[in-house]
>>> print(open('coords-v6.cif').read())   # mmCIF, C-alpha atoms
data_model
#
loop_
_atom_site.label_atom_id
_atom_site.label_comp_id
_atom_site.auth_asym_id
_atom_site.auth_seq_id
_atom_site.Cartn_x
_atom_site.Cartn_y
_atom_site.Cartn_z
CA MET A 725 92.75 100.33 126.56
CA SER A 726 92.53 102.45 123.46
CA GLY A 727 94.80 104.43 121.20
CA SER A 728 98.52 103.76 120.91
CA CYS A 729 99.47 102.08 124.15
CA LEU A 730 102.56 100.19 122.95
CA ARG A 731 105.60 102.28 122.04
CA LEU A 732 108.84 100.72 120.87
CA ASN A 733 111.66 103.07 119.88
CA VAL A 734 114.91 101.11 120.07
CA ARG A 735 118.23 100.41 118.42
CA LEU A 736 120.05 97.09 118.68
CA ALA A 737 123.47 96.80 117.04
CA ARG A 738 125.07 93.46 116.32
CA ASP A 739 128.19 92.65 114.31
CA ASP A 740 126.28 92.00 111.07
CA PHE A 741 122.86 93.54 111.71
CA THR A 742 121.32 96.65 113.21
CA LEU A 743 117.71 96.92 114.31
CA ALA A 744 116.43 100.50 114.48
CA VAL A 745 112.67 100.77 114.81
CA ASP A 746 110.15 103.34 115.97
CA LEU A 747 106.74 101.73 116.41
CA SER A 748 103.45 102.94 117.82
CA LEU A 749 101.02 100.01 118.03
CA PRO A 750 97.34 99.88 119.01
CA GLY A 751 96.38 98.90 122.54
CA ARG A 752 94.08 96.14 121.30
CA GLY A 753 94.00 93.73 118.40
CA ILE A 754 96.74 91.90 116.55
CA SER A 755 99.74 93.80 115.20
CA VAL A 756 101.61 91.65 112.70
CA LEU A 757 105.33 92.03 112.00
CA PHE A 758 105.92 90.95 108.41
CA GLY A 759 109.01 90.83 106.25
CA PRO A 760 111.68 88.54 104.79
CA SER A 761 113.98 86.41 106.92
CA GLY A 762 116.56 88.57 108.65
CA SER A 763 114.42 91.72 108.59
CA GLY A 764 114.28 91.95 112.41
CA LYS A 765 110.88 90.49 113.29
CA THR A 766 111.99 88.10 116.03
CA SER A 767 114.55 90.65 117.25
CA CYS A 768 111.67 93.06 117.90
CA LEU A 769 109.93 90.44 120.04
CA ARG A 770 113.12 89.68 121.96
CA VAL A 771 113.67 93.40 122.64
CA LEU A 772 110.09 93.74 123.89
CA ALA A 773 110.61 90.71 126.13
CA GLY A 774 113.80 92.12 127.66
CA LEU A 775 115.97 89.39 126.17
CA GLU A 776 118.36 91.82 124.46
CA ASP A 777 120.16 93.80 127.14
CA ARG A 778 122.27 95.56 124.49
CA ALA A 779 119.20 97.27 123.02
CA ARG A 780 119.00 101.00 123.66
CA GLY A 781 115.86 103.09 123.59
CA THR A 782 112.37 103.25 125.06
CA ILE A 783 109.59 100.71 125.57
CA VAL A 784 106.26 101.76 127.07
CA VAL A 785 103.38 99.29 127.47
CA ASP A 786 99.98 100.47 128.69
CA GLY A 787 101.55 103.51 130.32
CA GLN A 788 104.25 101.52 132.12
CA THR A 789 107.87 102.12 131.14
CA TRP A 790 109.66 98.82 130.64
CA GLN A 791 112.81 100.39 129.29
CA ASP A 792 114.26 103.89 129.11
CA SER A 793 117.97 103.81 128.44
CA ARG A 794 118.51 107.50 129.16
CA ALA A 795 116.82 107.22 132.54
CA GLY A 796 118.56 103.94 133.37
CA VAL A 797 115.32 101.94 133.41
CA PHE A 798 115.41 98.29 132.28
CA LEU A 799 112.88 95.82 133.67
CA PRO A 800 114.16 92.25 133.48
CA THR A 801 112.04 89.73 131.63
CA HIS A 802 110.46 88.24 134.76
CA ARG A 803 109.13 91.68 135.74
CA ARG A 804 107.54 92.39 132.35
CA ALA A 805 103.88 91.38 132.31
CA LEU A 806 104.02 89.52 129.03
CA GLY A 807 103.19 86.16 127.52
CA TYR A 808 105.46 84.63 124.89
CA VAL A 809 104.33 81.91 122.45
CA PHE A 810 107.02 80.25 120.33
CA GLN A 811 106.93 78.08 117.19
CA GLU A 812 107.08 74.99 119.39
CA ALA A 813 104.56 74.75 122.22
CA SER A 814 107.26 73.97 124.86
CA LEU A 815 104.82 72.52 127.36
CA PHE A 816 105.89 70.60 130.47
CA ASP A 817 105.52 66.93 129.51
CA HIS A 818 105.17 65.76 133.12
CA LEU A 819 102.15 68.03 133.74
CA THR A 820 98.58 67.75 132.50
CA VAL A 821 97.03 70.59 130.52
CA GLU A 822 95.55 71.92 133.76
CA GLY A 823 98.95 71.66 135.42
CA ASN A 824 100.55 73.64 132.61
CA LEU A 825 97.92 76.37 132.90
CA ARG A 826 98.22 76.52 136.68
CA PHE A 827 101.99 76.82 136.34
CA GLY A 828 101.55 80.00 134.32
CA PHE A 829 98.99 81.29 136.81
CA ASP A 830 101.04 80.46 139.92
CA ARG A 831 104.14 82.28 138.67
CA THR A 832 102.18 85.55 138.51
CA PRO A 833 102.17 87.64 141.73
CA ALA A 834 98.72 87.66 143.32
CA ASP A 835 98.33 91.43 143.07
CA GLU A 836 98.97 91.31 139.29
CA ARG A 837 96.44 88.60 138.49
CA ARG A 838 93.63 90.05 136.42
CA HIS A 839 92.24 86.69 135.32
CA ASP A 840 91.77 83.20 136.71
CA TRP A 841 93.87 80.38 135.22
CA ARG A 842 90.75 79.26 133.33
CA HIS A 843 90.70 82.53 131.34
CA GLY A 844 91.70 80.92 128.04
CA LEU A 845 89.62 77.74 128.21
CA ASP A 846 86.57 78.95 126.31
CA LEU A 847 88.49 81.39 124.15
CA LEU A 848 90.69 78.56 122.83
CA GLY A 849 88.28 75.65 123.15
CA ILE A 850 90.46 73.46 125.36
CA GLY A 851 88.22 72.85 128.37
CA HIS A 852 87.84 69.17 127.45
CA LEU A 853 91.62 68.65 127.39
CA LEU A 854 92.44 69.51 131.01
CA ASN A 855 93.34 65.98 132.10
CA ARG A 856 95.49 65.14 129.10
CA ARG A 857 99.26 65.35 128.90
CA PRO A 858 101.10 67.08 126.04
CA HIS A 859 101.98 63.82 124.22
CA GLU A 860 98.25 63.07 123.95
CA LEU A 861 97.52 66.32 122.08
CA SER A 862 97.67 67.20 118.40
CA GLY A 863 100.06 69.93 117.30
CA GLY A 864 97.22 72.42 117.07
CA GLU A 865 95.93 71.49 120.53
CA ARG A 866 99.39 71.87 122.04
CA GLN A 867 99.74 75.33 120.56
CA ARG A 868 96.33 76.36 121.87
CA VAL A 869 97.34 75.17 125.33
CA ALA A 870 100.58 77.16 125.05
CA ILE A 871 98.58 80.29 124.24
CA ALA A 872 96.21 79.62 127.15
CA ARG A 873 99.19 79.18 129.48
CA ALA A 874 100.54 82.56 128.34
CA LEU A 875 97.13 84.14 129.01
CA ALA A 876 97.02 82.57 132.48
CA THR A 877 99.83 84.92 133.51
CA SER A 878 97.53 87.96 133.04
CA PRO A 879 99.88 89.56 130.50
CA ARG A 880 99.66 93.17 129.38
CA LEU A 881 101.28 92.14 126.12
CA LEU A 882 101.16 88.85 124.20
CA LEU A 883 104.07 88.01 121.88
CA MET A 884 103.66 85.27 119.25
CA ASP A 885 106.65 84.20 117.16
CA GLU A 886 105.37 82.28 114.11
CA PRO A 887 103.09 80.06 116.21
CA LEU A 888 101.86 78.14 113.15
CA ALA A 889 105.21 77.58 111.45
CA ALA A 890 105.73 74.10 112.91
CA LEU A 891 102.23 72.87 112.02
CA ASP A 892 101.07 71.09 108.89
CA ALA A 893 98.22 72.46 106.78
CA ALA A 894 95.53 70.51 108.64
CA ARG A 895 96.71 71.68 112.06
CA LYS A 896 96.96 75.28 110.83
CA ALA A 897 93.36 75.08 109.64
CA GLU A 898 92.42 73.74 113.07
CA ILE A 899 93.98 76.57 115.07
CA LEU A 900 93.40 79.61 112.82
CA PRO A 901 89.71 80.09 113.77
CA TRP A 902 90.74 80.25 117.43
CA LEU A 903 93.44 82.80 116.69
CA GLU A 904 90.92 84.92 114.78
CA GLN A 905 88.96 85.39 117.99
CA LEU A 906 91.93 86.94 119.79
CA HIS A 907 91.59 90.36 118.15
CA GLU A 908 88.06 90.73 119.54
CA ALA A 909 88.25 88.85 122.83
CA LEU A 910 91.54 90.04 124.33
CA ASP A 911 91.95 93.37 126.10
CA VAL A 912 95.72 93.39 125.53
CA PRO A 913 97.76 93.97 122.37
CA VAL A 914 99.15 90.99 120.48
CA VAL A 915 102.39 91.32 118.50
CA TYR A 916 102.50 88.47 115.99
CA VAL A 917 105.37 87.43 113.69
CA THR A 918 104.69 85.55 110.45
CA HIS A 919 105.98 84.92 106.93
CA SER A 920 102.51 83.97 105.68
CA LEU A 921 100.35 86.39 103.68
CA ASP A 922 97.34 84.20 104.47
CA GLU A 923 97.91 84.76 108.19
CA VAL A 924 98.31 88.49 107.57
CA ALA A 925 94.99 88.59 105.70
CA ARG A 926 93.13 86.60 108.35
CA LEU A 927 94.63 87.85 111.59
CA ALA A 928 96.20 91.30 111.25
CA ASP A 929 94.48 94.45 112.43
CA HIS A 930 97.66 96.54 112.26
CA LEU A 931 100.58 95.70 109.99
CA VAL A 932 104.28 96.53 110.26
CA LEU A 933 106.52 95.86 107.25
CA LEU A 934 110.17 95.38 108.18
CA GLU A 935 113.17 95.44 105.85
CA GLN A 936 116.78 95.05 106.98
CA GLY A 937 116.01 96.10 110.53
CA ARG A 938 114.00 99.18 109.56
CA VAL A 939 110.28 99.95 109.36
CA ARG A 940 109.26 100.22 105.71
CA ALA A 941 105.63 101.01 106.54
CA GLN A 942 103.09 100.58 109.33
CA GLY A 943 99.35 101.12 109.62
CA PRO A 944 95.95 99.39 109.32
CA VAL A 945 96.30 96.20 107.30
CA ILE A 946 93.42 97.20 105.01
CA ASP A 947 95.42 100.24 103.87
CA LEU A 948 98.82 98.63 103.47
CA MET A 949 97.69 95.53 101.55
CA ALA A 950 96.48 97.64 98.62
CA ARG A 951 99.46 100.00 98.36
CA ALA A 952 101.25 99.40 95.07
CA ASP A 953 104.45 101.03 96.37
CA LEU A 954 104.94 98.24 98.92
CA PRO A 955 106.26 94.72 98.23
CA LEU A 956 103.05 93.10 99.50
CA ALA A 957 101.33 94.17 96.27
CA HIS A 958 103.85 92.54 93.95
CA GLY A 959 104.00 88.90 94.98
CA ASP A 960 101.95 86.07 93.52
CA GLY A 961 99.46 86.36 96.38
CA ALA A 962 99.04 90.13 96.12
CA GLY A 963 95.54 91.34 96.78
CA ALA A 964 93.31 93.70 98.70
CA LEU A 965 91.17 93.29 101.80
CA ILE A 966 87.63 94.62 102.11
CA GLU A 967 85.56 94.82 105.27
CA ALA A 968 81.89 94.15 104.64
CA VAL A 969 78.74 92.96 106.41
CA THR A 970 76.53 90.00 105.63
CA CYS A 971 73.08 90.57 104.18
CA GLY A 972 71.75 87.06 104.35
CA LEU A 973 71.47 84.10 102.01
CA GLN A 974 69.91 84.26 98.56
CA SER A 975 67.77 81.15 98.90
CA THR A 976 67.23 80.60 95.17
CA SER A 977 70.93 80.66 94.30
CA GLY A 978 72.64 79.54 97.50
CA LEU A 979 74.88 82.59 97.46
CA CYS A 980 75.86 84.77 100.37
CA GLU A 981 75.46 88.53 99.86
CA LEU A 982 77.95 90.95 101.36
CA ARG A 983 77.71 94.72 101.30
CA PHE A 984 80.40 97.35 101.70
CA ASP A 985 80.98 100.97 100.79
CA GLY A 986 81.66 100.12 97.14
CA GLY A 987 78.69 97.85 96.44
CA THR A 988 77.63 94.23 96.83
CA LEU A 989 79.60 91.00 96.55
CA LEU A 990 78.18 87.51 96.03
CA LEU A 991 80.04 84.37 97.01
CA PRO A 992 79.15 80.72 97.61
CA GLN A 993 77.67 79.90 101.00
CA THR A 994 80.13 77.34 102.37
CA ARG A 995 79.27 77.48 106.07
CA SER A 996 77.00 74.79 107.50
CA VAL A 997 75.28 77.54 109.52
CA PRO A 998 75.03 80.87 107.63
CA LEU A 999 76.27 83.93 109.45
CA PRO A 1000 73.56 86.19 110.91
CA GLU A 1001 72.73 89.34 108.99
CA ARG A 1002 74.91 92.40 109.67
CA THR A 1003 77.85 90.24 110.76
CA PRO A 1004 81.14 92.03 110.02
CA VAL A 1005 83.38 89.99 107.72
CA ARG A 1006 86.65 90.46 105.87
CA VAL A 1007 87.14 89.32 102.30
CA ARG A 1008 90.30 89.00 100.24
CA ILE A 1009 90.37 89.71 96.51
CA GLN A 1010 93.59 88.82 94.75
CA ALA A 1011 94.97 91.07 92.02
CA ARG A 1012 95.17 88.18 89.55
CA ASP A 1013 91.40 87.67 89.91
CA VAL A 1014 90.46 91.22 88.87
CA SER A 1015 90.16 92.18 85.20
CA LEU A 1016 89.06 95.53 83.76
CA SER A 1017 86.48 96.70 81.25
CA LEU A 1018 85.58 100.16 79.95
CA VAL A 1019 81.90 99.25 79.62
CA ALA A 1020 79.54 97.35 81.88
CA PRO A 1021 79.97 93.69 80.87
CA GLU A 1022 76.89 91.79 79.78
CA GLN A 1023 76.20 88.10 79.29
CA THR A 1024 79.13 87.04 81.46
CA SER A 1025 79.52 84.33 84.08
CA VAL A 1026 81.34 86.75 86.39
CA LEU A 1027 78.97 87.61 89.25
CA ASN A 1028 80.88 90.43 90.89
CA ILE A 1029 81.31 93.50 88.70
CA LEU A 1030 81.91 96.83 90.41
CA PRO A 1031 82.36 100.37 89.06
CA ALA A 1032 85.79 101.68 90.02
CA THR A 1033 88.25 104.49 89.37
CA VAL A 1034 91.91 103.98 88.53
CA THR A 1035 94.17 105.54 91.16
CA ASP A 1036 97.66 104.47 90.08
CA ILE A 1037 99.63 102.16 87.77
CA SER A 1038 102.98 100.49 88.43
CA ASP A 1039 105.22 97.94 86.74
CA ASP A 1040 104.72 94.37 87.92
CA GLY A 1041 107.22 92.21 86.14
CA PRO A 1042 107.79 91.46 82.45
CA GLY A 1043 104.79 92.45 80.38
CA GLN A 1044 102.53 93.15 83.37
CA VAL A 1045 101.27 96.14 85.30
CA LEU A 1046 99.50 96.52 88.63
CA VAL A 1047 96.51 98.84 88.60
CA GLY A 1048 95.24 100.41 91.81
CA LEU A 1049 91.50 100.98 91.99
CA ARG A 1050 89.16 102.91 94.25
CA VAL A 1051 85.74 101.36 94.76
CA GLY A 1052 83.24 103.57 96.55
CA GLN A 1053 84.68 106.13 98.94
CA GLU A 1054 87.08 104.00 100.96
CA ALA A 1055 87.65 100.52 99.50
CA ARG A 1056 90.68 99.71 97.38
CA LEU A 1057 91.34 96.91 94.89
CA LEU A 1058 94.34 95.78 92.87
CA SER A 1059 94.23 94.42 89.33
CA ARG A 1060 97.12 92.67 87.59
CA ILE A 1061 96.78 92.92 83.81
CA SER A 1062 99.12 92.77 80.83
CA ARG A 1063 100.91 95.89 79.68
CA LEU A 1064 99.31 95.39 76.26
CA SER A 1065 95.80 95.39 77.79
CA CYS A 1066 96.68 98.51 79.75
CA GLU A 1067 97.74 100.30 76.57
CA ARG A 1068 94.76 99.13 74.50
CA LEU A 1069 92.28 100.24 77.17
CA GLY A 1070 94.08 103.53 77.74
CA VAL A 1071 94.24 102.89 81.46
CA ALA A 1072 95.37 105.99 83.36
CA PRO A 1073 94.73 107.55 86.78
CA GLY A 1074 91.21 108.95 86.97
CA LEU A 1075 89.77 106.59 84.36
CA ALA A 1076 86.36 105.07 85.18
CA VAL A 1077 86.34 101.31 84.67
CA TYR A 1078 84.45 98.19 85.69
CA ALA A 1079 86.31 95.70 87.88
CA GLN A 1080 85.37 92.12 87.04
CA ILE A 1081 86.11 90.00 90.09
CA LYS A 1082 86.52 86.29 89.38
CA GLY A 1083 87.26 85.17 92.93
CA VAL A 1084 86.30 86.36 96.42
CA ALA A 1085 87.42 84.62 99.61
CA MET A 1086 85.95 85.33 103.04
CA VAL A 1087 88.95 85.26 105.37
CA ARG A 1088 87.44 86.47 108.64
#
>>> encode(input="coords-v6.cif", output="structure tokens")
Amino acid sequence: MSGSCLRLNVRLARDDFTLAVDLSLPGRGISVLFGPSGSGKTSCLRVLAGLEDRARGTIVVDGQTWQDSRAGVFLPTHRRALGYVFQEASLFDHLTVEGNLRFGFDRTPADERRHDWRHGLDLLGIGHLLNRRPHELSGGERQRVAIARALATSPRLLLMDEPLAALDAARKAEILPWLEQLHEALDVPVVYVTHSLDEVARLADHLVLLEQGRVRAQGPVIDLMARADLPLAHGDGAGALIEAVTCGLQSTSGLCELRFDGGTLLLPQTRSVPLPERTPVRVRIQARDVSLSLVAPEQTSVLNILPATVTDISDDGPGQVLVGLRVGQEARLLSRISRLSCERLGVAPGLAVYAQIKGVAMVR
């Protein structure tokens, strides 16, 4: 599948809330729904799943119409080829892991099965757990099994409603690497709900920002994260994402070198086995870690200094401004500096500066 294969154009009116969204999501990868509580994220998933029979509009998944209110089409949930993963794993306690996976497989009509029930074993690293029961699993293992059970139904759409929300930090760290593989390994779209900017940075390919039941913005996550006109850029964790490729390990310094359109980044090599050269990676650079200079800094401990051009400036709280930067032809950065520094440097759109980057985190 390619292009926009998931269309959601619906309206759902309740007594105190109205959801009215028009979404066109990619046919592969992870589309993240992000926004404050009450913005309509879970409602979108429920509409897609056919759990809101009062919703009016159109839903088309991979060319198949699941709902068209004008034409009188409404497929019930059991006829929608979807998998749904909730905050809690909701496994059957009386069944083993294998039994849970086979349950998902057996409920799928034979002519709709595109995968064997073992489809998610390697993808989620649970092959060694088949004979265990849910009470013998960690929280992260249970959630991986729940995802594998959803995949065993051969879904054309996978819905995930804050699947990490019920896990502690250690269990989140355990499961995130497995979730990162979904955007490459699955041939179906994933619609993922979260409140976490870290999960957005690590998992999202496409991002939808929701506010009060409406779409504030949607598009590639790389583009939306660095837009100063959106709320993502104005929280404490505001930052930009850059897609780069590895260029190997600098043996004398123990640093990993990454290259992208705007230059080279160096960061500590923390992996026990370094990534092969030319491996695509994603790095996150937070606005608070980027300072500006009008001249190329010398005799500084900052390793990553990139020439950049100011694109825009916006207020960012008392005494602070957020500066948008273009690095190279495509990459964008954000820099949070004081209003006084902005005035003293004469920062304005079009100004050539040097971005001094104090922290770089490889997130994918």
>>> closest_residue(input="coords-v6.cif", among="A:Arg1088, A:His843, A:His802, A:Arg1012", to="Ile871 in chain A", atoms="only C-alpha atoms")
A:His843
>>> atom_distance(input="coords-v6.cif", atom1="CA of Ala890 in chain A", atom2="CA of Arg866 in chain A")
11.3 Å
>>> residues_around(input="coords-v6.cif", residues="Ile946 in chain A", least_positions_apart="4", cutoff="12 Å", atoms="all atoms listed in the file", output="number ranges by chain")
A: 924-931, 942, 950-951, 956, 963-968, 1006-1009, 1054-1057
>>> residues_around(input="coords-v6.cif", residues="Ala874 in chain A", least_positions_apart="6", cutoff="12 Å", atoms="all atoms listed in the file", output="PyMOL selection string")
chain A and resi 805-810+813-815+824-832+839+841-845+848+867-868+880-884+914
>>> write_last_selection(input="coords-v6.cif", atoms="C-alpha atoms", output="compact mmCIF listing (two decimals), in the coordinates of the input")
# COMPACT_ATOMS: atom_id res chain seq x y z
CA ALA A 805 103.88 91.38 132.31
CA LEU A 806 104.02 89.52 129.03
CA GLY A 807 103.19 86.16 127.52
CA TYR A 808 105.46 84.63 124.89
CA VAL A 809 104.33 81.91 122.45
CA PHE A 810 107.02 80.25 120.33
CA ALA A 813 104.56 74.75 122.22
CA SER A 814 107.26 73.97 124.86
CA LEU A 815 104.82 72.52 127.36
CA ASN A 824 100.55 73.64 132.61
CA LEU A 825 97.92 76.37 132.90
CA ARG A 826 98.22 76.52 136.68
CA PHE A 827 101.99 76.82 136.34
CA GLY A 828 101.55 80.00 134.32
CA PHE A 829 98.99 81.29 136.81
CA ASP A 830 101.04 80.46 139.92
CA ARG A 831 104.14 82.28 138.67
CA THR A 832 102.18 85.55 138.51
CA HIS A 839 92.24 86.69 135.32
CA TRP A 841 93.87 80.38 135.22
CA ARG A 842 90.75 79.26 133.33
CA HIS A 843 90.70 82.53 131.34
CA GLY A 844 91.70 80.92 128.04
CA LEU A 845 89.62 77.74 128.21
CA LEU A 848 90.69 78.56 122.83
CA GLN A 867 99.74 75.33 120.56
CA ARG A 868 96.33 76.36 121.87
CA ARG A 880 99.66 93.17 129.38
CA LEU A 881 101.28 92.14 126.12
CA LEU A 882 101.16 88.85 124.20
CA LEU A 883 104.07 88.01 121.88
CA MET A 884 103.66 85.27 119.25
CA VAL A 914 99.15 90.99 120.48
>>> closest_residue(input="coords-v6.cif", among="A:Asp885, A:Glu898, A:Asp953, A:Glu1001", to="Ser755 in chain A", atoms="only C-alpha atoms")
A:Asp885
>>> resolve_selection(input="coords-v6.cif", expression="the PyMOL selection byres ((chain A and resi 1017) around 8)", output="list in words")
Ser1015, Leu1016, Leu1018, Val1019, Ala1020, Pro1021, Leu1069, Val1077, Tyr1078, Ala1079 and Gln1080 of chain A
>>> atom_distance(input="coords-v6.cif", atom1="CA of Gly1048 in chain A", atom2="CA of Glu1067 in chain A")
15.4 Å
>>> atom_distance(input="coords-v6.cif", atom1="CA of Glu904 in chain A", atom2="CA of Val997 in chain A")
18.1 Å
>>> closest_residue(input="coords-v6.cif", among="A:Arg837, A:His852, A:Lys765, A:Arg995", to="Pro879 in chain A", atoms="only C-alpha atoms")
A:Arg837
>>> resolve_selection(input="coords-v6.cif", expression="the PyMOL selection byres ((chain A and resi 798) around 10)", output="MDAnalysis selection string")
chainID A and resid 774 777 780:783 789:793 795:797 799:801 803:804
>>> residues_around(input="coords-v6.cif", residues="Ser763 in chain A", least_positions_apart="3", cutoff="8 Å", atoms="only C-alpha atoms", output="PyMOL selection string")
chain A and resi 759-760+934-938
>>> resolve_selection(input="coords-v6.cif", expression="the PyMOL selection byres ((chain A and resi 889) around 9)", output="list of chain:residue names")
A:Gln811, A:Glu812, A:Asp885, A:Glu886, A:Pro887, A:Leu888, A:Ala890, A:Leu891, A:Asp892, A:Lys896, A:Thr918, A:His919
>>> build_atoms(input="coords-v6.cif", residues="range 924-932 of chain A", atoms="all heavy atoms", output="mmCIF file, keeping the file's coordinate frame")
data_model
loop_
_atom_site.group_PDB
_atom_site.id
_atom_site.type_symbol
_atom_site.label_atom_id
_atom_site.label_comp_id
_atom_site.auth_asym_id
_atom_site.auth_seq_id
_atom_site.Cartn_x
_atom_site.Cartn_y
_atom_site.Cartn_z
ATOM 1 N N VAL A 924 98.480 87.032 107.547
ATOM 2 C CA VAL A 924 98.310 88.490 107.570
ATOM 3 C C VAL A 924 96.870 88.850 107.234
ATOM 4 O O VAL A 924 96.220 89.642 107.930
ATOM 5 C CB VAL A 924 99.277 89.172 106.572
ATOM 6 C CG1 VAL A 924 98.942 90.657 106.450
ATOM 7 C CG2 VAL A 924 100.720 89.003 107.025
ATOM 8 N N ALA A 925 96.346 88.262 106.148
ATOM 9 C CA ALA A 925 94.990 88.590 105.700
ATOM 10 C C ALA A 925 93.944 88.212 106.731
ATOM 11 O O ALA A 925 92.964 88.929 106.929
ATOM 12 C CB ALA A 925 94.699 87.901 104.366
ATOM 13 N N ARG A 926 94.144 87.086 107.420
ATOM 14 C CA ARG A 926 93.130 86.600 108.350
ATOM 15 C C ARG A 926 93.224 87.207 109.736
ATOM 16 O O ARG A 926 92.203 87.408 110.398
ATOM 17 C CB ARG A 926 93.209 85.073 108.458
ATOM 18 C CG ARG A 926 92.805 84.348 107.192
ATOM 19 C CD ARG A 926 92.767 82.854 107.368
ATOM 20 N NE ARG A 926 91.737 82.427 108.315
ATOM 21 C CZ ARG A 926 91.343 81.159 108.452
ATOM 22 N NH1 ARG A 926 91.899 80.212 107.715
ATOM 23 N NH2 ARG A 926 90.407 80.842 109.327
ATOM 24 N N LEU A 927 94.447 87.510 110.183
ATOM 25 C CA LEU A 927 94.630 87.850 111.590
ATOM 26 C C LEU A 927 94.949 89.319 111.853
ATOM 27 O O LEU A 927 94.591 89.853 112.899
ATOM 28 C CB LEU A 927 95.749 86.998 112.186
ATOM 29 C CG LEU A 927 95.553 85.481 112.134
ATOM 30 C CD1 LEU A 927 96.783 84.783 112.681
ATOM 31 C CD2 LEU A 927 94.310 85.068 112.903
ATOM 32 N N ALA A 928 95.650 89.977 110.939
ATOM 33 C CA ALA A 928 96.200 91.300 111.250
ATOM 34 C C ALA A 928 95.123 92.369 111.331
ATOM 35 O O ALA A 928 94.243 92.464 110.490
ATOM 36 C CB ALA A 928 97.238 91.696 110.191
ATOM 37 N N ASP A 929 95.233 93.199 112.360
ATOM 38 C CA ASP A 929 94.480 94.450 112.430
ATOM 39 C C ASP A 929 95.404 95.604 112.028
ATOM 40 O O ASP A 929 95.024 96.479 111.278
ATOM 41 C CB ASP A 929 93.946 94.673 113.855
ATOM 42 C CG ASP A 929 92.983 93.584 114.280
ATOM 43 O OD1 ASP A 929 91.978 93.395 113.598
ATOM 44 O OD2 ASP A 929 93.258 92.911 115.296
ATOM 45 N N HIS A 930 96.626 95.546 112.545
ATOM 46 C CA HIS A 930 97.660 96.540 112.260
ATOM 47 C C HIS A 930 98.840 95.789 111.670
ATOM 48 O O HIS A 930 99.146 94.671 112.080
ATOM 49 C CB HIS A 930 98.069 97.244 113.563
ATOM 50 C CG HIS A 930 98.945 98.438 113.374
ATOM 51 N ND1 HIS A 930 98.442 99.712 113.169
ATOM 52 C CD2 HIS A 930 100.299 98.570 113.363
ATOM 53 C CE1 HIS A 930 99.436 100.563 113.044
ATOM 54 N NE2 HIS A 930 100.582 99.900 113.164
ATOM 55 N N LEU A 931 99.497 96.384 110.683
ATOM 56 C CA LEU A 931 100.580 95.700 109.990
ATOM 57 C C LEU A 931 101.844 96.547 110.020
ATOM 58 O O LEU A 931 101.797 97.758 109.797
ATOM 59 C CB LEU A 931 100.180 95.417 108.541
ATOM 60 C CG LEU A 931 101.182 94.677 107.658
ATOM 61 C CD1 LEU A 931 101.492 93.297 108.215
ATOM 62 C CD2 LEU A 931 100.630 94.551 106.231
ATOM 63 N N VAL A 932 102.970 95.886 110.300
ATOM 64 C CA VAL A 932 104.280 96.530 110.260
ATOM 65 C C VAL A 932 105.140 95.769 109.266
ATOM 66 O O VAL A 932 105.347 94.554 109.412
ATOM 67 C CB VAL A 932 104.966 96.513 111.647
ATOM 68 C CG1 VAL A 932 106.345 97.152 111.555
ATOM 69 C CG2 VAL A 932 104.111 97.238 112.686
#
